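Single-structure report; data block below.
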Amino acid sequence: MKKRFLLLALLSSSFLLSSCSISESVTPPDPDNSQNEETIELSFEINIVGKGNVRAFLNGAEITSSNFSDKVKEGDTITVDIKAETGYVFESAKLNDTNLTKSGNYYTFVVQKGKNILNVTFKEVTTNQSDFTYEVINNNEVAITSFKSTSEVIPNPLIIPDEVLVDGKTYKVSEIRASVFLNQDIEGIKLGANIKTIDDEAFNGLRSLKEFLVDKNNLSFTSLDGILYSKDKTTLIKMPIAYKERDIVIKEGTQNIQNYAFNDCLNTESVTLPEGLISIGDYAFTDSSKLRCINFPSTLKSIGDYAFRNIHSLKEINLNEGLERLGDGSFYQTSLEKASFPSTLKEIPLYSFYFCRNLKTVSFKEGLERIGEQAFISTSITSLDLPNSLNTISQSAFELCSSLESVKFNEGLETIESFAFSRANNINSISLPSTLKNIGYNPFSGIARLGYTDNFKVSSNNPYFEIIDNVLFTKGENKKLLSYPFGKEETEYHVPNGTTYLDVDSFAYQNNLLTIYLPTSIKDINSAFRVMYSELSDKPSLTVHYEGTIEEFKKIDLHGELGNWHEETEITNNEIICSDGTLKL
């Protein structure tokens with residue numbers, strides 16, 4: 001009985017527990033109920049292999065692992081800026097296992113649920129030696145003659161190899177020729193240990209170049225803060241065109257600036273040259289169009305050819321005492337407004353200030369001996385006070401200087417060459433000194449005011465030249481007519497008897513003269529009547545009378561060095577009226 005009762009009790013207890021479980025109300029989980037959904041937090045991590053910088057942005061705001069979950073949401077597009085450090089090149093970028101999308105200069109990815117792991121790989125720079133072409137220059141060395149990258153991205157820096165295998169033999173790479181890298185997208189260049197010769201134009205046109213590096217074992221060159229110098233640091237070889245600084249202070253101890261050193265440096269705005277600098281090379285600052293300020297130290301002796309050509313922000317220069325050489329075309333087509341010259345400078349040479357249309361004021365000192373050909377052509381200089389030391393004004397030196405009104409010619413001046421003041425048409429007067437010995441082809445042609453009044457003079461003490469009726473002649477027998485001034489108002493002119501020679505262009509740009517009478521003493525006409533009436537839209541013709549016979553006229557030498565004796569000037573009826581009839585030309 002006791003056992004049976006115990007069994008019944010256990011069964012009853014089990015039934016009660018089962019009944020309680022069934023009667024309890026239990027609701028299964030609802031998959032659409034967000035309150036019960038497991039929360040997956042957004043996260044961001046950047047892993048970098050190699051050396052480089054990686055930054056992420058959303059709408060211009062930088063995104064980091066610490067602010068990622070607060071700033072972004074799933075589906076946002078993140079922009080990634082990837083830059084390799086010097087010596088490395090970008091290789092790949094993946095979000096989790098998916099390559100990033102290239103967008104211009106940047107990459108993008110779309111934010112995913114949960115973890116966003118960005119893996120970026122940079123690989124160390126290597127240069128494919130087959131990207132260069134070489135020329136063997138001796139038994140042990142080669143020169144680089146060209147470069148063309150076979151990679152999609154040019155390595156930064158581009159490494160110039162120490163050695164190269166050519167036809168099975170190993171050579172040292174010792175030279176870089178001109179224009180090897182012209183106009184290529186290269187940010188950095190590292191010179192190998194064996195480079196000892198670099199052509200002046202080797203690195204021209206590298207608009208992206210930011211720095212030079214040099215192997216520490218190189219015996220010829222070094223890099224100072226990315227600028228290429230000679231090993232002894234006395235010569236600045238090349239400034240990278242895209243250099244980081246706009247205001248450049250050249251290091252103390254620099255004695256020379258190499259040819260083309262700052263050529264095309266479009267960002268350079270000012271350059272401070274150190275005391276001790278001796279020379280500035282040819283084309284050194286050509287096309288550095290933003291250069292607005294440069295000093296010339298007292299030690300500077302030489303400025304090279306076209307050194308500052310095509311610079312349009314530089315307004316004034318004060319060339320230093322001690323300067324001995326100014327190169328041809330040194331300030332060719334700049335926007336200078338004012339220039340002063342030292343007493344140590346003996347010559348302002350060919351094309352020095354060629355077509356510097358804004359140049360209004362120049363200041364010369366005693367010591368200057370020569371102003372070169374076309375040195376100040378087509379400038380806006382208003383007056384000239386020439387030093388007594390000046391002995392030569394060269395061909396076309398002040399041609400087309402239409403703002404020039406006053407010229408004070410110095411005693412001591414010996415030579416004025418052809419067209420020196422041609423078409424400087426606002427000069428008020430010309431008074432030539434007693435020392436003048438040589439005059440080229442009509443230096444005063446086209447000066448509009450010359451000849452209206454008694455404003456064309458030669459010193460009475462001059463033994464070589466004289467003015468007769470406002471016309472310039474040589475003195476003595478075999479008289480030459482050199483310049484018939486533009487401003488003479490007479491419509492006819494009788495060349496004085498005894499005149500044997502009409503100089504080239506002696507009547508050039510003459511507008512008023514319609515009839516000319518030539519004496520029988522004339523032996524040479526020498527292109528005297530070229531380009532008359534060129535200032536007139538409705539050009540008349542010139543009537544020529546000759547006091548001798550037709551046969552005598554035929555003996556005259558008509559053509560000078562510059563072409564036909566009446567080129568671009570029509571002769572009336574194309575004939576010469578002679579004493580015994582007319583001669584058809």
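How things are named: the first chain in the structure tokens is A, the next is B, and so on; residues count from 1 in each chain; ligands count from 1 in the order shown.
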
Sel. of strand (DSSP E or B) residues, region 240-460 of chain A, as a PyMOL selection string: chain A and resi 247-249+256-257+270-272+279-280+293-294+302-303+316-318+325-326+338-340+347-348+361-363+370-371+383-385+392-393+406-408+415-416+430-432+438-439+456-458

Any idea what's packed within 10 Å of Lys315 (chain A), counting only C-alpha atoms, ignoring anything in its chain fewer than 5 positions away? Could you give it as a PyMOL selection string? chain A and resi 291-293+334-339+358-359

I want to know what sits within 9 Å of Ile176 (chain A), based on only C-alpha atoms, with residues of the same chain fewer than 4 positions away left out; could you give that as a ChimeraX atom specification? /A:143-146,180,195-199,202

Find the residues near Leu436 (chain A): any atom within 9 Å, counting only C-alpha atoms, skip ones fewer than 5 places away on the same chain, and give them as JSON, numbers by chain. {"A": [391, 411, 412, 413, 414, 415, 416, 462, 463, 464, 465]}

So that I can see what lies close to Pro155 (chain A), please list as a PDB file with C-alpha atoms, in the first residue's frame the residues with an atom at most 8 Å from it, counting only C-alpha atoms and leaving out residues fewer than 5 positions away in the same chain.
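After the write, selection.pdb holds the following:
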```pdb
ATOM      1  CA  GLY A  87      60.256  56.128 -52.021  1.00  0.00           C
ATOM      2  CA  TYR A  88      56.923  54.279 -52.256  1.00  0.00           C
ATOM      3  CA  VAL A  89      54.172  53.958 -54.837  1.00  0.00           C
ATOM      4  CA  VAL A 125      59.790  52.260 -55.462  1.00  0.00           C
ATOM      5  CA  THR A 126      61.734  50.372 -58.049  1.00  0.00           C
ATOM      6  CA  THR A 127      62.656  51.666 -61.481  1.00  0.00           C
ATOM      7  CA  ILE A 186      57.272  63.058 -62.419  1.00  0.00           C
TER       8      ILE A 186
END
```

Just the residues within 10 Å of region 224-237 of chain A, please, counting only C-alpha atoms, with nothing from its chain fewer than 6 positions along; format it as a ChimeraX atom specification. /A:188-189,191,196,198,200,210-214,218,243-244,250-262,276-277,279-281,284

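The shell of residues at most 8 Å from region 96-109 of chain A, with only C-alpha atoms counted and near chain neighbours (fewer than 4 positions) removed, consists of A:Thr77, A:Ile78, A:Thr79, A:Val80, A:Asp81, A:Ile82, A:Ser92, A:Asn116, A:Ile117, A:Leu118, A:Asn119.
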